[in-house]
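Content type mmCIF, C-alpha atoms, from the file structure01.cif:
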```cif
data_work
#
loop_
_atom_site.label_atom_id
_atom_site.label_comp_id
_atom_site.auth_asym_id
_atom_site.auth_seq_id
_atom_site.Cartn_x
_atom_site.Cartn_y
_atom_site.Cartn_z
CA MET D 1430 172.49 202.97 68.40
CA THR D 1431 169.95 204.01 65.76
CA ILE D 1432 168.18 202.14 63.00
CA ASP D 1433 170.70 203.66 60.57
CA VAL D 1434 173.27 201.06 61.61
CA LEU D 1435 171.20 198.31 59.97
CA SER D 1436 172.55 197.18 56.63
CA ASP D 1437 170.52 197.52 53.44
CA TYR D 1438 170.09 193.75 53.44
CA VAL D 1439 168.59 193.72 56.93
CA LEU D 1440 166.35 196.67 56.16
CA LEU D 1441 165.06 194.96 53.03
CA GLU D 1442 164.27 191.85 55.02
CA ILE D 1443 162.28 193.98 57.45
CA PHE D 1444 160.53 195.82 54.60
CA PHE D 1445 159.64 192.49 52.97
CA HIS D 1446 157.80 191.35 56.07
CA VAL D 1447 156.13 194.72 56.55
CA ASN D 1448 154.79 194.65 53.05
CA ILE D 1449 152.41 191.73 53.52
CA ARG D 1450 149.59 193.10 51.47
CA ASP D 1451 146.86 190.72 52.56
CA TRP D 1452 146.58 192.27 55.99
CA ASP D 1453 143.29 194.10 55.64
CA SER D 1454 144.28 196.64 58.24
CA MET D 1455 147.63 197.42 56.61
CA GLN D 1456 147.12 197.61 52.88
CA ASN D 1457 149.89 199.18 50.90
CA PRO D 1458 152.28 199.70 53.82
CA TRP D 1459 155.24 200.40 51.51
CA ARG D 1460 153.78 203.86 50.92
CA ALA D 1461 154.56 204.69 54.54
CA LEU D 1462 158.08 203.30 54.20
CA VAL D 1463 159.05 205.60 51.34
CA ARG D 1464 158.08 208.66 53.31
CA VAL D 1465 160.53 207.98 56.14
CA CYS D 1466 163.79 209.12 54.53
CA ARG D 1467 165.70 209.26 51.27
CA ARG D 1468 167.62 206.04 52.00
CA TRP D 1469 164.48 204.03 52.67
CA ARG D 1470 162.81 205.47 49.58
CA TYR D 1471 165.81 204.50 47.46
CA LEU D 1472 165.91 201.00 48.94
CA VAL D 1473 162.20 200.38 48.36
CA PHE D 1474 162.19 201.55 44.74
CA ALA D 1475 165.42 199.67 44.00
CA SER D 1476 163.72 196.44 45.14
CA LEU D 1477 160.37 196.46 43.36
CA ARG D 1478 160.40 192.74 42.63
CA ARG D 1479 161.88 191.63 45.94
CA LEU D 1480 159.21 193.54 47.82
CA ASN D 1481 156.48 192.64 45.33
CA LEU D 1482 155.30 196.25 45.28
CA ARG D 1483 151.86 197.02 43.92
CA LEU D 1484 150.11 200.33 43.51
CA GLU D 1485 146.65 200.06 45.03
CA TYR D 1486 144.40 202.53 43.31
CA PHE D 1487 141.23 203.37 45.20
CA GLY D 1488 139.84 205.93 42.76
CA HIS D 1489 139.81 208.81 45.23
CA GLY D 1490 141.88 211.00 42.90
CA PRO D 1491 142.97 210.97 39.26
CA MET D 1492 145.93 208.82 38.23
CA SER D 1493 147.64 211.99 37.00
CA GLU D 1494 148.28 212.88 40.65
CA VAL D 1495 150.12 209.63 41.34
CA PRO D 1496 153.90 210.26 41.69
CA ASP D 1497 155.87 209.32 38.57
CA ALA D 1498 158.05 206.86 40.49
CA TRP D 1499 154.98 204.82 41.37
CA LEU D 1500 153.69 204.58 37.81
CA VAL D 1501 156.01 201.70 36.94
CA LEU D 1502 154.27 199.45 39.48
CA PRO D 1503 151.64 196.85 38.72
CA VAL D 1504 148.24 198.31 39.60
CA ILE D 1505 145.54 196.93 41.85
CA LEU D 1506 142.21 198.59 41.17
CA THR D 1507 139.96 198.32 44.16
CA SER D 1508 136.76 199.73 45.56
CA ARG D 1509 137.47 198.18 48.93
CA ILE D 1510 137.58 200.49 51.88
CA GLN D 1511 140.98 202.08 52.41
CA PHE D 1512 142.18 201.77 55.98
CA LEU D 1513 145.32 203.86 55.75
CA PRO D 1514 144.96 207.61 56.27
CA SER D 1515 144.37 209.22 52.90
CA GLU D 1516 145.94 212.45 51.72
CA ARG D 1517 142.67 213.48 50.09
CA PRO D 1518 138.96 213.16 50.84
CA VAL D 1519 137.76 209.58 50.47
CA LEU D 1520 135.14 209.20 47.74
CA HIS D 1521 132.26 206.79 48.13
CA PRO D 1522 132.67 203.90 45.67
CA LYS D 1523 129.35 204.79 44.05
CA SER D 1524 129.94 208.51 43.69
CA GLY D 1525 130.14 210.05 40.25
CA GLN D 1526 133.70 211.27 40.71
CA TRP D 1527 134.88 207.86 41.90
CA ARG D 1528 133.28 206.25 38.84
CA ASN D 1529 134.92 208.81 36.55
CA ASN D 1530 138.34 208.17 38.09
CA ILE D 1531 138.02 204.40 37.75
CA VAL D 1532 136.87 204.58 34.13
CA ALA D 1533 139.67 207.04 33.35
CA LEU D 1534 142.23 204.54 34.67
CA LEU D 1535 140.74 201.72 32.61
CA GLU D 1536 140.88 203.90 29.50
CA SER D 1537 144.38 205.26 30.17
CA GLU D 1538 147.75 203.92 29.04
CA HIS D 1539 148.11 202.39 32.52
CA TYR D 1540 145.41 199.75 31.95
CA ASN D 1541 147.94 197.20 30.74
CA ARG D 1542 149.65 197.19 34.16
CA ILE D 1543 146.46 196.34 36.04
CA CYS D 1544 147.09 193.01 37.73
CA GLU D 1545 144.15 192.74 40.12
CA ILE D 1546 140.64 194.20 40.13
CA TYR D 1547 138.23 194.22 43.07
CA ILE D 1548 134.98 196.01 42.47
CA SER D 1549 131.60 195.92 44.18
CA ASP D 1550 129.73 198.15 41.75
CA ILE D 1551 129.81 197.28 38.08
CA PHE D 1552 128.11 200.03 36.11
CA GLY D 1553 127.67 200.57 32.40
CA PRO D 1554 130.71 202.76 31.57
CA LEU D 1555 132.97 200.54 33.69
CA ALA D 1556 131.81 197.38 31.88
CA ALA D 1557 132.29 199.22 28.58
CA ALA D 1558 135.86 200.20 29.52
CA MET D 1559 136.70 196.56 30.24
CA GLN D 1560 135.90 195.27 26.74
CA LYS D 1561 139.53 194.65 25.89
CA PRO D 1562 142.24 192.22 27.02
CA PHE D 1563 144.07 193.04 30.25
CA PRO D 1564 147.43 191.38 29.63
CA GLU D 1565 148.65 191.41 33.26
CA LEU D 1566 145.36 190.61 34.97
CA THR D 1567 145.71 187.71 37.38
CA ARG D 1568 142.76 188.33 39.69
CA LEU D 1569 139.28 189.63 39.00
CA ASP D 1570 136.75 189.93 41.81
CA ILE D 1571 133.36 191.46 41.03
CA SER D 1572 130.92 191.23 43.91
CA VAL D 1573 127.78 193.21 43.25
CA TYR D 1574 125.43 194.20 46.04
CA GLY D 1575 122.63 196.07 44.33
CA ASP D 1576 119.59 195.79 42.15
CA GLU D 1577 120.80 197.33 38.90
CA VAL D 1578 123.48 195.14 37.43
CA PRO D 1579 124.41 195.40 33.75
CA ILE D 1580 124.89 192.11 31.92
CA LEU D 1581 128.54 191.75 31.03
CA PRO D 1582 128.96 191.73 27.24
CA ASP D 1583 130.54 189.01 25.08
CA SER D 1584 133.61 191.16 24.61
CA PHE D 1585 134.27 191.58 28.33
CA LEU D 1586 138.07 191.30 28.87
CA GLY D 1587 138.30 190.94 25.10
CA GLY D 1588 136.83 187.46 25.49
CA SER D 1589 140.12 186.08 26.78
CA ALA D 1590 141.98 185.91 30.10
CA PRO D 1591 144.95 183.54 29.77
CA ARG D 1592 146.82 184.85 32.83
CA LEU D 1593 143.84 184.95 35.16
CA GLN D 1594 144.48 182.88 38.28
CA THR D 1595 141.49 183.91 40.38
CA LEU D 1596 138.01 184.73 39.14
CA VAL D 1597 135.28 185.69 41.60
CA LEU D 1598 131.85 186.71 40.33
CA LYS D 1599 129.00 187.29 42.77
CA SER D 1600 125.58 188.32 41.44
CA THR D 1601 127.13 189.40 38.15
CA PRO D 1602 125.38 187.99 35.09
CA PHE D 1603 127.80 187.08 32.32
CA PRO D 1604 126.18 184.89 29.63
CA SER D 1605 129.44 184.50 27.69
CA MET D 1606 131.40 183.31 30.69
CA PRO D 1607 131.90 179.75 29.29
CA LYS D 1608 133.73 181.24 26.33
CA LEU D 1609 135.99 183.31 28.58
CA LEU D 1610 136.64 180.32 30.84
CA LEU D 1611 137.87 178.30 27.86
CA SER D 1612 140.80 180.72 27.62
CA ALA D 1613 141.43 180.82 31.37
CA ASN D 1614 143.83 177.91 31.58
CA SER D 1615 145.81 179.47 34.45
CA LEU D 1616 142.87 179.56 36.84
CA VAL D 1617 143.60 178.30 40.34
CA THR D 1618 140.46 179.65 42.01
CA LEU D 1619 137.03 179.92 40.42
CA TYR D 1620 134.17 181.28 42.53
CA LEU D 1621 130.84 181.80 40.80
CA LEU D 1622 127.81 182.70 42.89
CA ASP D 1623 124.44 183.48 41.39
CA SER D 1624 125.97 184.93 38.23
CA GLY D 1625 123.61 183.55 35.63
CA TYR D 1626 122.94 180.04 34.42
CA ILE D 1627 125.66 178.04 32.71
CA SER D 1628 124.62 174.60 31.57
CA PRO D 1629 126.40 171.68 33.25
CA ASP D 1630 127.73 170.65 29.86
CA ALA D 1631 129.21 174.10 29.15
CA MET D 1632 130.71 174.26 32.62
CA ALA D 1633 132.25 170.81 32.29
CA THR D 1634 133.73 171.74 28.92
CA ALA D 1635 135.23 174.90 30.41
CA LEU D 1636 136.70 172.94 33.31
CA THR D 1637 138.61 170.68 30.94
CA VAL D 1638 141.15 173.45 30.27
CA MET D 1639 141.65 174.24 33.96
CA THR D 1640 144.34 171.76 34.84
CA ARG D 1641 145.64 174.02 37.64
CA LEU D 1642 142.28 174.59 39.28
CA GLU D 1643 142.45 173.94 43.04
CA PHE D 1644 139.30 175.64 44.35
CA LEU D 1645 135.89 175.60 42.69
CA HIS D 1646 132.74 177.19 44.09
CA LEU D 1647 129.54 177.03 42.07
CA GLY D 1648 126.45 178.53 43.64
CA PHE D 1649 122.94 179.07 42.35
CA LEU D 1650 120.68 180.76 44.82
CA SER D 1651 117.42 179.55 43.32
CA PRO D 1652 116.10 176.24 41.98
CA ARG D 1653 116.05 177.85 38.52
CA SER D 1654 119.41 176.18 37.95
CA ARG D 1655 117.59 172.86 37.38
CA PRO D 1656 118.54 171.54 33.91
CA ASP D 1657 115.80 170.78 31.43
CA PRO D 1658 114.92 167.13 32.18
CA THR D 1659 114.18 166.44 28.51
CA SER D 1660 117.69 167.40 27.46
CA ARG D 1661 119.75 165.74 30.18
CA PRO D 1662 122.43 163.68 28.43
CA LEU D 1663 123.36 160.11 29.21
CA PRO D 1664 126.52 159.94 31.33
CA PRO D 1665 129.64 159.55 29.18
CA SER D 1666 131.80 156.50 29.75
CA THR D 1667 134.91 158.54 30.51
CA HIS D 1668 135.52 161.41 32.89
CA PHE D 1669 137.92 164.32 32.61
CA VAL D 1670 140.24 164.41 35.60
CA LEU D 1671 140.78 167.74 37.33
CA PRO D 1672 144.25 166.91 38.60
CA ALA D 1673 144.71 169.78 41.05
CA LEU D 1674 141.19 170.23 42.42
CA THR D 1675 141.18 169.82 46.19
CA GLN D 1676 138.21 171.94 47.28
CA PHE D 1677 134.77 171.93 45.68
CA LEU D 1678 131.71 173.76 46.97
CA PHE D 1679 128.35 173.51 45.24
CA LYS D 1680 124.99 175.05 45.98
CA GLY D 1681 122.02 174.28 43.75
CA VAL D 1682 119.82 171.42 42.61
CA TYR D 1683 121.11 167.87 42.59
CA GLU D 1684 120.30 167.35 38.88
CA TYR D 1685 122.80 170.07 37.95
CA LEU D 1686 125.52 168.55 40.09
CA GLU D 1687 124.88 165.09 38.70
CA ASP D 1688 125.08 166.31 35.10
CA LEU D 1689 128.33 168.14 35.87
CA LEU D 1690 129.92 165.27 37.77
CA ALA D 1691 129.03 162.91 34.92
CA ARG D 1692 131.85 164.59 33.00
CA ILE D 1693 134.54 165.16 35.62
CA ASP D 1694 136.58 163.45 38.31
CA ALA D 1695 138.70 164.93 41.12
CA PRO D 1696 140.79 162.29 42.89
CA LEU D 1697 142.65 164.79 45.11
CA LEU D 1698 139.55 166.28 46.72
CA TYR D 1699 139.79 166.76 50.47
CA TYR D 1700 136.97 169.26 50.92
CA LEU D 1701 133.52 168.79 49.43
CA TYR D 1702 130.70 171.05 50.59
CA ILE D 1703 127.32 170.61 48.96
CA VAL D 1704 124.04 172.40 49.59
CA PHE D 1705 121.04 171.00 47.75
CA HIS D 1706 117.82 172.89 47.38
CA GLY D 1707 115.12 170.80 48.97
CA PRO D 1708 112.48 168.60 47.42
CA ARG D 1709 110.10 170.05 44.89
CA LEU D 1710 106.58 170.73 46.11
CA MET G 34 106.24 166.55 47.02
CA ASP G 35 108.82 164.92 44.76
CA LEU G 36 111.53 163.05 46.64
CA ASP G 37 114.00 161.62 44.18
CA PHE G 38 117.59 162.34 45.13
CA ASP G 39 119.33 160.00 42.74
CA VAL G 40 123.03 160.83 42.85
CA PRO G 41 125.20 158.05 41.41
CA GLN G 42 127.73 160.52 40.01
CA LEU G 43 128.20 162.09 43.42
CA HIS G 44 128.80 158.65 44.87
CA ARG G 45 131.39 157.97 42.17
CA LEU G 46 133.20 161.28 42.82
CA ILE G 47 133.36 160.55 46.54
CA ASP G 48 134.50 156.99 45.94
CA HIS G 49 137.40 158.15 43.75
CA ALA G 50 138.74 160.69 46.27
CA GLU G 51 141.34 158.84 48.33
CA GLU G 52 141.34 161.38 51.16
CA PHE G 53 137.69 160.68 51.94
CA LYS G 54 138.42 157.03 52.61
CA THR G 55 140.10 158.02 55.87
CA PHE G 56 136.86 159.53 57.20
CA ASN G 57 135.43 157.45 60.02
CA HIS G 58 133.47 160.00 62.00
CA ALA G 59 130.08 161.35 61.01
CA GLY G 60 127.72 163.96 62.32
CA VAL G 61 124.14 164.74 61.39
CA LEU G 62 122.73 168.14 62.26
CA ILE G 63 118.99 168.68 62.00
CA VAL G 64 117.68 172.21 62.40
CA ASN G 65 114.66 174.20 61.31
CA ASN G 66 115.51 174.72 57.66
CA PHE G 67 118.10 172.09 56.78
CA ILE G 68 119.63 168.76 57.53
CA GLN G 69 123.37 168.35 57.24
CA LEU G 70 125.72 165.41 57.17
CA GLY G 71 129.40 165.83 57.93
CA LEU G 72 132.07 163.19 57.40
CA TYR G 73 135.58 163.76 58.65
CA PRO G 74 138.56 161.79 59.86
CA ASN G 75 138.68 162.55 63.56
CA LYS G 76 136.09 164.05 65.82
CA GLN G 77 138.78 165.84 67.81
CA GLN G 78 140.07 167.64 64.74
CA VAL G 79 137.00 168.90 62.88
CA ASP G 80 138.27 171.29 60.22
CA HIS G 81 135.57 173.13 58.36
CA HIS G 82 137.84 173.59 55.33
CA SER G 83 138.19 169.88 54.82
CA GLY G 84 135.86 166.94 55.06
CA LEU G 85 132.66 166.11 53.29
CA TRP G 86 129.63 168.21 54.09
CA LEU G 87 126.21 167.70 52.59
CA GLN G 88 123.35 170.01 53.44
CA ILE G 89 119.80 169.65 52.18
CA ARG G 90 117.57 172.68 52.50
CA CYS G 91 114.00 171.88 53.49
CA GLU G 92 111.90 172.44 56.57
CA GLU G 93 109.67 169.47 57.34
CA LEU G 94 111.44 166.89 59.46
CA ASP G 95 110.16 163.90 57.49
CA TRP G 96 111.33 165.50 54.23
CA GLN G 97 114.70 166.20 55.76
CA LEU G 98 115.17 162.61 56.90
CA SER G 99 113.80 161.10 53.68
CA SER G 100 116.03 163.30 51.53
CA LEU G 101 119.18 162.44 53.45
CA ALA G 102 118.27 158.76 53.44
CA GLN G 103 117.97 158.85 49.66
CA VAL G 104 121.41 160.39 49.23
CA LEU G 105 122.91 157.95 51.73
CA ASN G 106 121.50 154.85 50.13
CA SER G 107 123.29 151.54 50.12
CA SER G 108 125.70 152.60 47.38
CA PHE G 109 127.05 155.60 49.32
CA PRO G 110 130.74 154.78 49.46
CA LEU G 111 131.82 155.86 52.92
CA ILE G 112 129.11 154.67 55.27
CA SER G 113 130.72 151.31 55.97
CA ALA G 114 133.85 153.04 57.33
CA VAL G 115 132.00 155.16 59.88
CA GLU G 116 132.89 154.23 63.45
CA GLU G 117 131.15 157.04 65.29
CA LEU G 118 127.95 158.89 64.47
CA GLU G 119 126.72 161.95 66.32
CA ILE G 120 123.20 163.26 65.76
CA ARG G 121 122.22 166.70 66.95
CA GLY G 122 118.94 168.51 66.53
CA ASP G 123 117.06 171.63 67.49
CA GLY G 124 114.61 169.99 69.87
CA ARG G 125 112.04 168.73 67.39
CA LEU G 126 113.37 165.18 67.53
#
```
In structure tokens, how does this file's structure come out?
Amino acid sequence: MTIDVLSDYVLLEIFFHVNIRDWDSMQNPWRALVRVCRRWRYLVFASLRRLNLRLEYFGHGPMSEVPDAWLVLPVILTSRIQFLPSERPVLHPKSGQWRNNIVALLESEHYNRICEIYISDIFGPLAAAMQKPFPELTRLDISVYGDEVPILPDSFLGGSAPRLQTLVLKSTPFPSMPKLLLSANSLVTLYLLDSGYISPDAMATALTVMTRLEFLHLGFLSPRSRPDPTSRPLPPSTHFVLPALTQFLFKGVYEYLEDLLARIDAPLLYYLYIVFHGPRL
Amino acid sequence: MDLDFDVPQLHRLIDHAEEFKTFNHAGVLIVNNFIQLGLYPNKQQVDHHSGLWLQIRCEELDWQLSSLAQVLNSSFPLISAVEELEIRGDGRL
């Protein structure tokens, strides 16, 4: 008996479980499936939604070399390390050619199928290429590990991200973030670490639109996040309820947290992790 | 030194979260550069993605204890429910 005796239905069930994309060691496994035989290739491409296929683009080659059949897929742009064997030399995510490929994708007609972005190196031309709305973007993760970080402009993402469900910014200054957050009413996860100062009042106002928010991480690595004591407002008499928030992590000075909490409530919290910077000397 | 952890809004947030009211175990960890309080429902089932964890970063032992004592003043909502308290340190105690 060979695997050919399995029905299409059974094969699709197997493919579905193979294609669990969050396994770091097995990203994009459907690309191996379509190389096995014509039948498997047909089955996979006839079941794009069932298998939740995504095209992970690592920037090692130009998009023009991607097979036509794959160009209908939602795109994940990532600078994460690729674990699967690559058909071409792997470019370092800070090399000039890698940067050119990434910018070319962002400026191509394929940009409006980008659904997730993971980058660890935000450089000027890349930030410039992202000054427009990304209509399918549901996840944006920018984690910068370097000294030279451009400040994201007001028009980043066109100033609006209504479909965004996850936003992760680490060491990425973005002064206009409160404005963007006011449009992000689909956010489920918000993770901001050392990405510039947002006043507690502006943050609280942004949170009022996030009725689906379940996970909030706010981190300031230095005591500079302390609000101006002369401008701290009196606590309002009512609090906005974050109805879905279950996990809240905060790192910073207690004055900031107090000013923020004066505006919000989270009755479903089951995880609260707070790190206060110590007493002033 | 300015010791003035005045956190009524934090107390209110904790008081309004129903899940926290089931927490009856507490642990205090005191190490070189921070003091940390953990509150959770059952010592046998410590889950580091749930519970209430409060860490204060400072180095001097008296500052650490004074800071935590200020946060856990008489209006801290959960203290009266604590049945078991474990204190661990790094040898300075």
>> Please expand the PyMOL selection byres ((chain D and resi 1647) around 8) into the concrete residues it hits in this file, giving the result as a ChimeraX atom specification.
In response: /D:1620-1622,1645-1646,1648-1649,1678-1680
> What does the distance between CA of Leu1555 in chain D and CA of Leu1593 in chain D come to in Å, to one decimal place?
Replying inline: 19.1 Å
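Every residue that the PyMOL selection byres ((chain D) within 7 of (chain G)) selects in this file is listed here: Glu1687, Leu1690, Ala1691, Asp1694, Ala1695, Pro1696, Leu1697, Leu1698, Tyr1699, Tyr1700, Leu1701, Tyr1702, Ile1703, Val1704, Phe1705, His1706, Gly1707, Pro1708, Arg1709 and Leu1710 of chain D.
For the structure in this document, the set picked by the PyMOL selection byres ((chain G and resi 61) around 7) is G:Ala59, G:Gly60, G:Leu62, G:Ile63, G:Gln69, G:Leu70, G:Gly71, G:Glu119, G:Ile120, G:Arg121.
Using all atoms listed in the file, the shortest contact distance between Asn57 in chain G and any of G:Gly122, G:Ala102, G:Ser113, G:Leu94 is found at G:Ser113.
Reported to one decimal place, the separation of CA of Pro1579 in chain D from CA of Gly1553 in chain D is 6.3 Å.
If only C-alpha atoms are the atoms counted, then among D:Gly1490, D:Gly1681, D:Pro1458, D:Gly1588 the closest residue to Asp1623 in chain D is D:Gly1681.
Considering the residues D:Asp1630, D:Asp1550, D:Asp1570, D:Glu1565 and counting all atoms listed in the file, Pro1503 in chain D has its shortest atom-to-atom contact with D:Glu1565.
Going from CA of Ala114 in chain G to CA of Phe56 in chain G covers 7.2 Å.
The shell of residues at most 8 Å from Leu1611 in chain D, with all atoms listed in the file counted and near chain neighbours (fewer than 5 positions) removed, consists of Thr1634, Ala1635, Leu1636 and Val1638 of chain D.
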Reconstruct N, CA and C atoms of range 1614-1629 of chain D from the incomplete input and present them as a short mmCIF file (atom, residue, chain, number, x, y, z; two decimals), in the coordinates of the input.
```
data_model
loop_
_atom_site.label_atom_id
_atom_site.label_comp_id
_atom_site.auth_asym_id
_atom_site.auth_seq_id
_atom_site.Cartn_x
_atom_site.Cartn_y
_atom_site.Cartn_z
N ASN D 1614 143.18 179.16 31.20
CA ASN D 1614 143.83 177.91 31.58
C ASN D 1614 144.85 178.08 32.71
N SER D 1615 144.94 179.28 33.28
CA SER D 1615 145.81 179.47 34.45
C SER D 1615 145.02 179.54 35.74
N LEU D 1616 143.70 179.37 35.65
CA LEU D 1616 142.87 179.56 36.84
C LEU D 1616 143.24 178.57 37.95
N VAL D 1617 143.37 179.11 39.15
CA VAL D 1617 143.60 178.30 40.34
C VAL D 1617 142.34 178.33 41.22
N THR D 1618 141.66 179.46 41.20
CA THR D 1618 140.46 179.65 42.01
C THR D 1618 139.33 180.17 41.13
N LEU D 1619 138.21 179.47 41.16
CA LEU D 1619 137.03 179.92 40.42
C LEU D 1619 135.85 179.92 41.38
N TYR D 1620 135.26 181.11 41.56
CA TYR D 1620 134.17 181.28 42.53
C TYR D 1620 133.04 181.97 41.79
N LEU D 1621 131.98 181.24 41.52
CA LEU D 1621 130.84 181.80 40.80
C LEU D 1621 129.61 181.64 41.68
N LEU D 1622 129.00 182.75 42.04
CA LEU D 1622 127.81 182.70 42.89
C LEU D 1622 126.70 183.51 42.24
N ASP D 1623 125.64 182.82 41.89
CA ASP D 1623 124.44 183.48 41.39
C ASP D 1623 124.75 184.48 40.27
N SER D 1624 125.56 184.05 39.32
CA SER D 1624 125.97 184.93 38.23
C SER D 1624 125.47 184.41 36.89
N GLY D 1625 124.21 184.04 36.86
CA GLY D 1625 123.61 183.55 35.63
C GLY D 1625 123.75 182.05 35.49
N TYR D 1626 122.95 181.49 34.61
CA TYR D 1626 122.94 180.04 34.42
C TYR D 1626 123.94 179.64 33.35
N ILE D 1627 124.77 178.68 33.68
CA ILE D 1627 125.66 178.04 32.71
C ILE D 1627 125.30 176.57 32.72
N SER D 1628 125.04 176.00 31.58
CA SER D 1628 124.62 174.60 31.57
C SER D 1628 125.73 173.72 32.14
N PRO D 1629 125.37 172.59 32.73
CA PRO D 1629 126.40 171.68 33.25
C PRO D 1629 127.38 171.26 32.16
#
```
